[in-house]
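Working notes, beginning with the structure itself.
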Amino acid sequence: MSIPQSGGGPITHHDQLAQLLEDGCKPRDTWKIGTEHEKFGYCKDTLKPLPYDGDRSILKMLEGLRDRYNWSEVREAGNLIGLERDGANISLEPGGQFELSGAPLDNIHQTCDEVNEHLREVHEIADEIGARFIGLGAAPEWTHEQMPVMPKGRYKLMTDYMDKVGTHGKQMMYRTCTVQVNLDFASEADMVQKFRVALALQPVATALFANSPFFEGKPNGHKSWRSRIWRDLDGARTGMLPFVFEDGMGFERYVDYALDVPMYFVYRDGQYIDALGQSFRDFMQGKLPALPGETPTLSDWADHLTTIFPEARIKQYMEMRGADGGPWRRLCALPALWVGLMYDQSSLDAAWDLAKGWDAETREALRVAASVEGLQAEVNGIRMIDLARDVVKIAEGGLKARARVGSGGMVPDETHFLNALQESVEEGRSPACELLGKYHGEWDGDLSRIYDEYSY
């Protein structure tokens, strides 16, 4: 989750809210790729989650990376809660999930190099303290009570609030992991087209990356339990955003939506002030109960935008949020998929052609079916496997058109990063199918074997 925003002056008129988003527009030749991925850390001997503090801990991981690999500290209330280096940062999700938010990069070759370097550094420090990391969409065995709590004020507020607005919020916070990619847009019109494609086809990403069929030690009946969790988390700030597909969609329409999302907090002087359930509209008028008489800054608005969790969202870039965390190859495949769809206009148009005839009910039904059945899903005659095949083919064409070379010119483009997805489409199987096959087969119901076979 995001760190506090900074640098914004006072908001003196409403137009500044949409302007903050519009300021993210960039010329095509400056578009970047930012990849984020989370993973679970655990103690190698006990297979239990890493605590925050102690000899084998998240803190030891952060300190080891800081001291050996020249990361700079990020602290909150005196606690080490993250690291920064060269435009990238390492942050902590509420249950200690270790997240790399990568630097803005030019191509997928660089993204994959960044992933490799990060996992190598993490593995080296983890090995020395008796820890390991695994990429899955949901914790396969651990209960809520077993999860550590990271010392971040934002998370304490959110934890206290989750049970008031949904049934699965604390599961999301403490026991799920994702991989996502952040991409740029050129204009308001470009943003709208990309936003519609991102939302409509997010269930395809969910199906292709579905990797969480276990929860609390047994199969849960879903290929992506992580996706299932998001459906009953907080209806005011999650979902498929039907308004994005309506006439009049633009930055201002997204602002109207965001203003209606209840607040979590205001960040002041290193502290998170409880504004749970309060209104940013009231804040604009100096009527926020948490800070009576005070009006917001642009940093407050930017912070508020980070507390909205639809399947895709915009800030000064667009985030694709529908995929489970997973193995190394899929950490590179996720950005390759969306870059192929979004960064070539012909591919973007073709992707929209696939989805433009769907209504809101169909889009939501695809989202639900993807979480349950993965690539085996079918909705109103739409077979997910056929849709995924078309989407991956379009993405491949987009990457070929980009023709971004790698490995000193020896690799002609980025298409090979889609190999894992092409294999899934050819086999008709989501990653969860492989896990379930092993669980019911060679593992003979012993889920602890997942750690040896699927850790980084």
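Identifiers for the structure tokens are assigned positionally: chains receive A, B, ... in sequence, residues are indexed from 1 per chain, and ligands are indexed from 1 in the order shown.
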
Excluding Ala323 of chain A and its own-chain neighbours fewer than 2 positions away, which residues fall within 6 Å of it when counting only C-alpha atoms? Please give them as a PDB file with N, CA and C atoms, in the first residue's frame.
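Listed below is the output, part-v1.pdb:
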```pdb
ATOM      1  N   THR A 178      -0.371  -9.534  -4.356  1.00  0.00           N
ATOM      2  CA  THR A 178      -0.696  -9.242  -5.748  1.00  0.00           C
ATOM      3  C   THR A 178       0.557  -8.874  -6.522  1.00  0.00           C
ATOM      4  N   VAL A 179       0.431  -8.872  -7.831  1.00  0.00           N
ATOM      5  CA  VAL A 179       1.404  -8.239  -8.722  1.00  0.00           C
ATOM      6  C   VAL A 179       0.612  -7.281  -9.588  1.00  0.00           C
ATOM      7  N   ALA A 205      -7.024 -11.055 -16.679  1.00  0.00           N
ATOM      8  CA  ALA A 205      -5.791 -11.100 -15.893  1.00  0.00           C
ATOM      9  C   ALA A 205      -5.993 -11.934 -14.633  1.00  0.00           C
ATOM     10  N   THR A 206      -7.139 -11.772 -13.983  1.00  0.00           N
ATOM     11  CA  THR A 206      -7.430 -12.576 -12.797  1.00  0.00           C
ATOM     12  C   THR A 206      -7.372 -14.058 -13.127  1.00  0.00           C
ATOM     13  N   PHE A 209      -3.749 -15.310 -13.982  1.00  0.00           N
ATOM     14  CA  PHE A 209      -2.820 -15.283 -12.855  1.00  0.00           C
ATOM     15  C   PHE A 209      -3.414 -15.912 -11.596  1.00  0.00           C
TER      16      PHE A 209
END
```

Practice problem: Can you check which residues of segment 202-321 of chain A DSSP gives as helix (DSSP H, G or I) on the backbone and send them as a PyMOL selection string? | Solution: chain A and resi 202-209+225-230+242-245+251-259+280-284+298-305

Dump of C-alpha atoms for the selected residues, as a PDB file, in the first residue's frame:
```
ATOM      1  CA  GLN A 202      -9.205  -7.267 -15.676  1.00  0.00           C
ATOM      2  CA  PRO A 203     -11.077 -10.591 -15.185  1.00  0.00           C
ATOM      3  CA  VAL A 204      -8.858 -12.065 -17.913  1.00  0.00           C
ATOM      4  CA  ALA A 205      -5.791 -11.100 -15.893  1.00  0.00           C
ATOM      5  CA  THR A 206      -7.430 -12.576 -12.797  1.00  0.00           C
ATOM      6  CA  ALA A 207      -7.991 -15.864 -14.643  1.00  0.00           C
ATOM      7  CA  LEU A 208      -4.507 -15.997 -16.186  1.00  0.00           C
ATOM      8  CA  PHE A 209      -2.820 -15.283 -12.855  1.00  0.00           C
ATOM      9  CA  TRP A 225      -9.437 -16.527  -3.383  1.00  0.00           C
ATOM     10  CA  ARG A 226      -7.698 -13.147  -3.424  1.00  0.00           C
ATOM     11  CA  SER A 227     -10.160 -11.954  -6.071  1.00  0.00           C
ATOM     12  CA  ARG A 228     -13.052 -13.421  -4.066  1.00  0.00           C
ATOM     13  CA  ILE A 229     -11.948 -11.410  -1.028  1.00  0.00           C
ATOM     14  CA  TRP A 230     -12.171  -8.128  -2.929  1.00  0.00           C
ATOM     15  CA  PRO A 242     -19.720   1.028 -14.245  1.00  0.00           C
ATOM     16  CA  PHE A 243     -19.645   4.832 -14.579  1.00  0.00           C
ATOM     17  CA  VAL A 244     -16.304   4.595 -16.419  1.00  0.00           C
ATOM     18  CA  PHE A 245     -18.187   3.155 -19.414  1.00  0.00           C
ATOM     19  CA  PHE A 251     -10.991  13.178 -14.964  1.00  0.00           C
ATOM     20  CA  GLU A 252     -13.801  15.213 -13.430  1.00  0.00           C
ATOM     21  CA  ARG A 253     -16.145  12.218 -13.337  1.00  0.00           C
ATOM     22  CA  TYR A 254     -13.513  10.197 -11.484  1.00  0.00           C
ATOM     23  CA  VAL A 255     -13.115  13.072  -9.042  1.00  0.00           C
ATOM     24  CA  ASP A 256     -16.861  12.970  -8.332  1.00  0.00           C
ATOM     25  CA  TYR A 257     -16.596   9.264  -7.592  1.00  0.00           C
ATOM     26  CA  ALA A 258     -13.524   9.678  -5.383  1.00  0.00           C
ATOM     27  CA  LEU A 259     -15.147  12.472  -3.387  1.00  0.00           C
ATOM     28  CA  PHE A 280     -13.644  14.707   1.677  1.00  0.00           C
ATOM     29  CA  ARG A 281     -16.403  17.034   0.479  1.00  0.00           C
ATOM     30  CA  ASP A 282     -16.787  18.218   4.071  1.00  0.00           C
ATOM     31  CA  PHE A 283     -13.007  18.551   4.309  1.00  0.00           C
ATOM     32  CA  MET A 284     -13.087  20.882   1.294  1.00  0.00           C
ATOM     33  CA  LEU A 298      -3.166  18.435  -2.636  1.00  0.00           C
ATOM     34  CA  SER A 299      -1.159  15.881  -0.655  1.00  0.00           C
ATOM     35  CA  ASP A 300      -4.313  15.047   1.316  1.00  0.00           C
ATOM     36  CA  TRP A 301      -6.161  14.531  -1.958  1.00  0.00           C
ATOM     37  CA  ALA A 302      -3.358  12.346  -3.322  1.00  0.00           C
ATOM     38  CA  ASP A 303      -3.446  10.323  -0.091  1.00  0.00           C
ATOM     39  CA  HIS A 304      -7.209   9.900  -0.399  1.00  0.00           C
ATOM     40  CA  LEU A 305      -6.828   8.563  -3.943  1.00  0.00           C
TER      41      LEU A 305
END
```

For segment 206-272 of chain A against segment 427-436 of chain A, with a cut-off of 6 Å and counting only C-alpha atoms, what is the closest atom pair and its distance in Å to one decimal for every residue that makes the cut, ordered by chain and number, as JSON lines?
```
{"residue": "A:Leu208", "atom": "CA", "partner": "A:Ser430", "partner_atom": "CA", "distance": 5.6}
{"residue": "A:Ala210", "atom": "CA", "partner": "A:Ser430", "partner_atom": "CA", "distance": 5.8}
{"residue": "A:Asn211", "atom": "CA", "partner": "A:Ala432", "partner_atom": "CA", "distance": 4.5}
{"residue": "A:Pro213", "atom": "CA", "partner": "A:Ala432", "partner_atom": "CA", "distance": 5.7}
{"residue": "A:Lys223", "atom": "CA", "partner": "A:Ala432", "partner_atom": "CA", "distance": 5.4}
```

Output C-alpha atoms for every residue in the selection just made, as a PDB file, in the first residue's frame.
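Wrote it out as out37.pdb, contents follow:
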```pdb
ATOM      1  CA  LEU A 208      -4.507 -15.997 -16.186  1.00  0.00           C
ATOM      2  CA  ALA A 210      -5.277 -17.104 -10.530  1.00  0.00           C
ATOM      3  CA  ASN A 211      -2.954 -18.572  -7.911  1.00  0.00           C
ATOM      4  CA  PRO A 213      -6.861 -21.978  -4.378  1.00  0.00           C
ATOM      5  CA  LYS A 223      -9.007 -20.461  -8.317  1.00  0.00           C
TER       6      LYS A 223
END
```

Computed gap from atom CA of Arg329 of chain A to atom CA of Leu418 of chain A is 8.8 Å

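Taking atom CA of His109 of chain A and atom CA of Glu414 of chain A as the two end points, the separation is 6.9 Å.
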
Next on the checklist: With only C-alpha atoms as the counted atoms, please give the residues lying no more than 10 Å from Cys25 of chain A, apart from itself and same-chain residues fewer than 2 positions off, as a list in words.
Outcome noted: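 With the cut-off at 10 Å, the set is Leu20, Leu21, Glu22, Asp23, Pro27, Arg28, Trp31, Asp184, Phe185, Ala186, Ser187, Glu188, Asp190, Met191, Gln316 and Tyr317 of chain A.
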